[in-house]
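*Asks:* The structure's right below; bear with me while I get my questions together.
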Amino acid sequence: MKILVAEPIAAAGVELLRAQAGWDIVISDPKGYAAHLADCDALLVRSAVKVNAEVLSKAPKLRVVGRAGVGVDNVDLDAATAAGVLVMNTPGGNAISVAEHAIGLMLSLARQIPAASASTKSGKWEKKKFQGNELRGKTLGVLGLGAIGRHVVTRAQAFEMKCIAYDPFVNPQTAADLGVDLVSLEKLYADSDYITLHMALTPETQGLLNASAFAKMKPCVRIINCARGELLNGADLAEALASGIVAGAGLDVFESEPPAAEDPLLKAEGLLATPHIGGSTEEAQETVGVRIVEQVIEYLINGVALNAVNMPALSPEMYKAVGPYIELAERLGGFAAYIAKGNPKSVRLVYSGRIADFNTVLLRNAGLAGVLNRSLSYRANLVNAMPIANQRGLNVAETHEKQRTGHIDSIRLELETEAGLTVVEGAVILNCPRLIMVDGIPCEANLSGHLLYLKNSDVPGVIGHVGSVLGRNSINIANFSLGRTPMPAPGQAVLAVAVVCRTEVQSRGAGCAARGICRLTD
């Protein structure tokens, strides 16, 4: 396993990587990391390295990109998903640092600290000029009550500020527990002495604070932005500062970074600017560096994707419950693709029992990956299976059946081709994926190793004949499962034979030793 660290991360994180037996850890930098991409399994970055389609094309073995931080603006998520590369970040790792920076900007605006310092260092003593205001008793409007917003609230309350908030995705009880009143956007504008932004950048929030919004605000309001520069319109803010509608603004982020030297906003009176350093503290960098390493290790060893950005993430507890069924779904898909005839048209997965209550996106993706990998020159996985299915015009459907007889928890995969419908069903038994039905005929077999599948008329002598043919070809039978249609229906039977190939299968690796033998594990 080769891990490429393309930007500096916490020393404790690097040591954690080096503690993994047999792992090759390459420490590089944004200028030289590309030379190591060809055979790396994981890439760790911060914000300087741009992980785009060109970079991904140079890393055919890459499985995961770990972003030590929150924003993933430097990663092309569409390209990563198409390449089957998981992208994960570390939300909340620098939340306290950003919250403290927001409070620091508020205090600096209230007491004009930077200007007073510059004046004093220049030899002046302008006490009257720099008379400030207290935070105590002022109303703070918080746009976004995520992790950072909540930390800002608790710190502002220590200054005896009244906190109100706008966040359409927060439970009112959560806000009440924080001692915050949830209000409309218009009321927040009208009542706030300070407004601080802690929202994600979306089409709805882009340019949220603009000329129209400033016109609705309390006179002499002060604006703090430590979230995303695109949340406010810089030109409109410059005009609001010049007109006095906005008394001051503390910005750690800008629409374009770094902002152009001629940007009118930088010249505006009352602007306090810092170079996107809200999360740049020793403590925050230590936290996100160690966290991203822990997450990458967990994914590469156990397959648990924590804080995944381009696929649904599961908690370790949920993965423990769902994980065996992810493996089951993929192997059912692979088995169905081997025994079906014709080109796939649609795939339908039916979940029964307790797993019907789960988020089944990963189960769906696993089943699709199993079907697709039968014919792809590259490998489909949990990340890229759905986009590949869409590209190939494969119809995909899911059904949840919470109550069924027989096996309590099972997955049924229905693969339709122009030649007909193939239906396979499986369950997890003793933590192993197991086949339980093929085309309506009960048949139990482990979905592992090399499996020989035959469908035949239910007549005497078939078992003996199959055994003889395999024996003559030095193929040993490890397990043998027979299924038959219930009588008095026309007799059909299926055979699922686990085999150990002494010659041909061993030499062919992942190929087929004979027609009908498929390899279900790597």
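By convention here, the chains of the structure tokens are called A, B, ... in the order presented, each chain's residues are numbered starting at 1, and ligands are numbered starting at 1 in the order presented.
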Run DSSP on the backbone of this structure and report the residues of range 92-278 of chain A it assigns to helix (DSSP H, G or I), as a ChimeraX atom specification.
*Replies:* /A:95-111,113-121,147-158,172-178,185-191,211-215,229-231,234-243,264-267
*Asks:* Residues near Val438 in chain A, anyone? I mean within 10 Å using only C-alpha atoms, not counting same-chain ones fewer than 4 positions away, as a ChimeraX atom specification.
*Replies:* /A:336,339,412-413,422-426,442-444,455,483,494-496
*Asks:* Export N, CA and C atoms of the chosen residues as a PDB file, in the first residue's frame?
*Replies:*
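What follows is the written file result03.pdb:
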ATOM      1  N   ALA A 336     -24.785 -13.100 -11.071  1.00  0.00           N
ATOM      2  CA  ALA A 336     -25.861 -12.926 -12.051  1.00  0.00           C
ATOM      3  C   ALA A 336     -25.300 -12.565 -13.417  1.00  0.00           C
ATOM      4  N   ILE A 339     -23.957 -15.763 -15.184  1.00  0.00           N
ATOM      5  CA  ILE A 339     -24.884 -16.812 -15.637  1.00  0.00           C
ATOM      6  C   ILE A 339     -25.940 -16.280 -16.601  1.00  0.00           C
ATOM      7  N   ARG A 412     -32.337  -9.708  -3.143  1.00  0.00           N
ATOM      8  CA  ARG A 412     -32.637 -10.347  -4.420  1.00  0.00           C
ATOM      9  C   ARG A 412     -32.225  -9.397  -5.534  1.00  0.00           C
ATOM     10  N   LEU A 413     -31.449  -9.899  -6.475  1.00  0.00           N
ATOM     11  CA  LEU A 413     -30.983  -9.083  -7.589  1.00  0.00           C
ATOM     12  C   LEU A 413     -31.565  -9.641  -8.879  1.00  0.00           C
ATOM     13  N   THR A 422     -32.784 -12.873 -15.241  1.00  0.00           N
ATOM     14  CA  THR A 422     -32.052 -13.738 -14.315  1.00  0.00           C
ATOM     15  C   THR A 422     -32.246 -13.198 -12.911  1.00  0.00           C
ATOM     16  N   VAL A 423     -32.676 -14.069 -11.994  1.00  0.00           N
ATOM     17  CA  VAL A 423     -32.956 -13.650 -10.618  1.00  0.00           C
ATOM     18  C   VAL A 423     -32.113 -14.481  -9.665  1.00  0.00           C
ATOM     19  N   VAL A 424     -31.347 -13.810  -8.833  1.00  0.00           N
ATOM     20  CA  VAL A 424     -30.552 -14.497  -7.811  1.00  0.00           C
ATOM     21  C   VAL A 424     -30.844 -13.847  -6.467  1.00  0.00           C
ATOM     22  N   GLU A 425     -30.800 -14.646  -5.425  1.00  0.00           N
ATOM     23  CA  GLU A 425     -31.058 -14.135  -4.080  1.00  0.00           C
ATOM     24  C   GLU A 425     -30.018 -14.687  -3.132  1.00  0.00           C
ATOM     25  N   GLY A 426     -29.643 -13.859  -2.154  1.00  0.00           N
ATOM     26  CA  GLY A 426     -28.640 -14.285  -1.192  1.00  0.00           C
ATOM     27  C   GLY A 426     -28.907 -13.741   0.186  1.00  0.00           C
ATOM     28  N   PRO A 442     -34.565 -22.962  -5.119  1.00  0.00           N
ATOM     29  CA  PRO A 442     -33.699 -22.890  -3.939  1.00  0.00           C
ATOM     30  C   PRO A 442     -32.378 -23.604  -4.199  1.00  0.00           C
ATOM     31  N   CYS A 443     -31.295 -22.944  -3.849  1.00  0.00           N
ATOM     32  CA  CYS A 443     -29.967 -23.532  -4.038  1.00  0.00           C
ATOM     33  C   CYS A 443     -28.999 -22.774  -3.145  1.00  0.00           C
ATOM     34  N   GLU A 444     -28.399 -23.454  -2.201  1.00  0.00           N
ATOM     35  CA  GLU A 444     -27.530 -22.794  -1.227  1.00  0.00           C
ATOM     36  C   GLU A 444     -26.076 -23.099  -1.526  1.00  0.00           C
ATOM     37  N   LYS A 455     -27.410 -25.427 -15.161  1.00  0.00           N
ATOM     38  CA  LYS A 455     -28.853 -25.583 -15.115  1.00  0.00           C
ATOM     39  C   LYS A 455     -29.212 -26.702 -16.089  1.00  0.00           C
ATOM     40  N   GLY A 483     -30.258 -27.813  -6.422  1.00  0.00           N
ATOM     41  CA  GLY A 483     -31.599 -27.272  -6.229  1.00  0.00           C
ATOM     42  C   GLY A 483     -32.530 -27.782  -7.308  1.00  0.00           C
ATOM     43  N   VAL A 494     -30.668 -27.028 -10.690  1.00  0.00           N
ATOM     44  CA  VAL A 494     -29.464 -26.201 -10.799  1.00  0.00           C
ATOM     45  C   VAL A 494     -28.390 -26.798  -9.911  1.00  0.00           C
ATOM     46  N   LEU A 495     -27.162 -26.673 -10.336  1.00  0.00           N
ATOM     47  CA  LEU A 495     -26.008 -27.128  -9.575  1.00  0.00           C
ATOM     48  C   LEU A 495     -25.087 -25.942  -9.321  1.00  0.00           C
ATOM     49  N   ALA A 496     -24.663 -25.795  -8.098  1.00  0.00           N
ATOM     50  CA  ALA A 496     -23.643 -24.813  -7.739  1.00  0.00           C
ATOM     51  C   ALA A 496     -22.513 -25.585  -7.079  1.00  0.00           C
TER      52      ALA A 496
END
*Asks:* Excluding range 90-105 of chain A and any residue of its chain fewer than 2 positions from it, enumerate the residues within 7 Å of it, using only C-alpha atoms, and give them as a short mmCIF file (atom, residue, chain, number, x, y, z; two decimals) with C-alpha atoms, in the first residue's frame.
*Replies:*
data_model
loop_
_atom_site.label_atom_id
_atom_site.label_comp_id
_atom_site.auth_asym_id
_atom_site.auth_seq_id
_atom_site.Cartn_x
_atom_site.Cartn_y
_atom_site.Cartn_z
CA ARG A 67 -8.55 16.36 2.36
CA ALA A 68 -7.12 17.58 5.67
CA GLY A 69 -9.76 20.25 6.18
CA VAL A 70 -13.38 21.01 5.36
CA LEU A 107 -13.72 42.36 18.81
CA SER A 108 -11.29 43.98 16.39
CA LEU A 109 -14.13 45.81 14.66
CA ALA A 147 -20.62 23.14 14.17
CA ILE A 148 -18.85 26.47 13.68
CA HIS A 151 -19.24 27.42 18.71
CA VAL A 152 -19.60 31.09 17.80
CA ILE A 224 -18.21 38.86 9.63
CA CYS A 226 -15.18 33.26 7.84
CA GLY A 250 -14.28 41.48 8.97
CA GLY A 278 -9.59 31.07 10.27
CA GLY A 279 -8.67 27.40 10.56
CA THR A 281 -3.98 27.20 14.17
CA ALA A 284 -6.65 22.73 14.23
CA THR A 287 -6.60 17.73 14.66
CA VAL A 288 -7.42 17.58 10.94
CA ARG A 291 -8.26 12.73 11.69
CA ILE A 292 -7.74 12.41 7.94
CA ASN A 307 -16.91 11.83 6.15
#
*Asks:* If we count only C-alpha atoms, what is near Leu4 in chain A at a cut-off of 7 Å, once residues fewer than 6 positions away on the same chain are taken out, given as a list in words?
*Replies:*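 Residues near the query, excluding close chain neighbours: Ile25, Val26, Ile27, Cys40, Ala42, Leu43 and Leu44 of chain A.
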*Asks:* Limited to N, CA and C atoms, could you put the picked residues into a file as a PDB file, in the first residue's frame?
*Replies:*
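And here's part-v1.pdb as it stands now:
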ATOM      1  N   ILE A  25       5.153   5.004   2.711  1.00  0.00           N
ATOM      2  CA  ILE A  25       4.707   6.380   2.931  1.00  0.00           C
ATOM      3  C   ILE A  25       5.662   7.328   2.213  1.00  0.00           C
ATOM      4  N   VAL A  26       5.120   8.098   1.272  1.00  0.00           N
ATOM      5  CA  VAL A  26       5.920   9.055   0.510  1.00  0.00           C
ATOM      6  C   VAL A  26       5.526  10.468   0.917  1.00  0.00           C
ATOM      7  N   ILE A  27       6.466  11.207   1.469  1.00  0.00           N
ATOM      8  CA  ILE A  27       6.229  12.595   1.873  1.00  0.00           C
ATOM      9  C   ILE A  27       6.755  13.501   0.766  1.00  0.00           C
ATOM     10  N   CYS A  40       0.217   5.069  -6.442  1.00  0.00           N
ATOM     11  CA  CYS A  40      -0.248   5.357  -5.083  1.00  0.00           C
ATOM     12  C   CYS A  40      -1.692   4.915  -4.889  1.00  0.00           C
ATOM     13  N   ALA A  42      -3.453   6.033  -1.997  1.00  0.00           N
ATOM     14  CA  ALA A  42      -4.127   7.126  -1.291  1.00  0.00           C
ATOM     15  C   ALA A  42      -3.322   8.403  -1.471  1.00  0.00           C
ATOM     16  N   LEU A  43      -4.042   9.516  -1.581  1.00  0.00           N
ATOM     17  CA  LEU A  43      -3.422  10.830  -1.742  1.00  0.00           C
ATOM     18  C   LEU A  43      -3.969  11.752  -0.664  1.00  0.00           C
ATOM     19  N   LEU A  44      -3.065  12.327   0.134  1.00  0.00           N
ATOM     20  CA  LEU A  44      -3.463  13.250   1.195  1.00  0.00           C
ATOM     21  C   LEU A  44      -3.075  14.673   0.799  1.00  0.00           C
TER      22      LEU A  44
END
*Asks:* Using DSSP on the backbone coordinates, identify all residues within range 150-197 of chain A classified as strand (DSSP E or B); present the result as a ChimeraX atom specification.
*Replies:* /A:162-166,181-182,194-197
*Asks:* Could you tell me how far CA of Ala11 in chain A lies from CA of Val293 in chain A, in Å and to one decimal?
*Replies:*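 Between CA of Ala11 in chain A and CA of Val293 in chain A the gap works out to 10.8 Å.
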*Asks:* If we count only C-alpha atoms and set the cut-off at 12 Å, which residues sit around Asn302 in chain A, ignoring sequence neighbours fewer than 6 positions away in its own chain? Please answer as a PyMOL selection string.
*Replies:* chain A and resi 294-296+316+319-320+323-324
*Asks:* Got a sec: who's within 12 Å of Val253 in chain A, counting only C-alpha atoms, leaving out chain neighbours fewer than 6 positions off, as a VMD selection string?
*Replies:* chain A and resid 98 101 to 102 197 to 198 224 to 234 259 266 272 to 279
*Asks:* Mind checking which residues fall within 9 Å of Val49 in chain A, counting only C-alpha atoms, ignoring those fewer than 6 positions away in the same chain, and posting them as a ChimeraX atom specification?
*Replies:* /A:6-7,29-31,74-75
*Asks:* Please indicate the distance in Å from CA of Asp458 in chain A to CA of Leu328 in chain A, rounded to one decimal place.
*Replies:*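 Distance between the two atoms: 28.4 Å.
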*Asks:* Mind pulling up the distance from CA of Arg136 in chain A to CA of Glu269 in chain A?
*Replies:*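 Straight-line distance from CA of Glu269 in chain A to CA of Arg136 in chain A works out to 24.5 Å.
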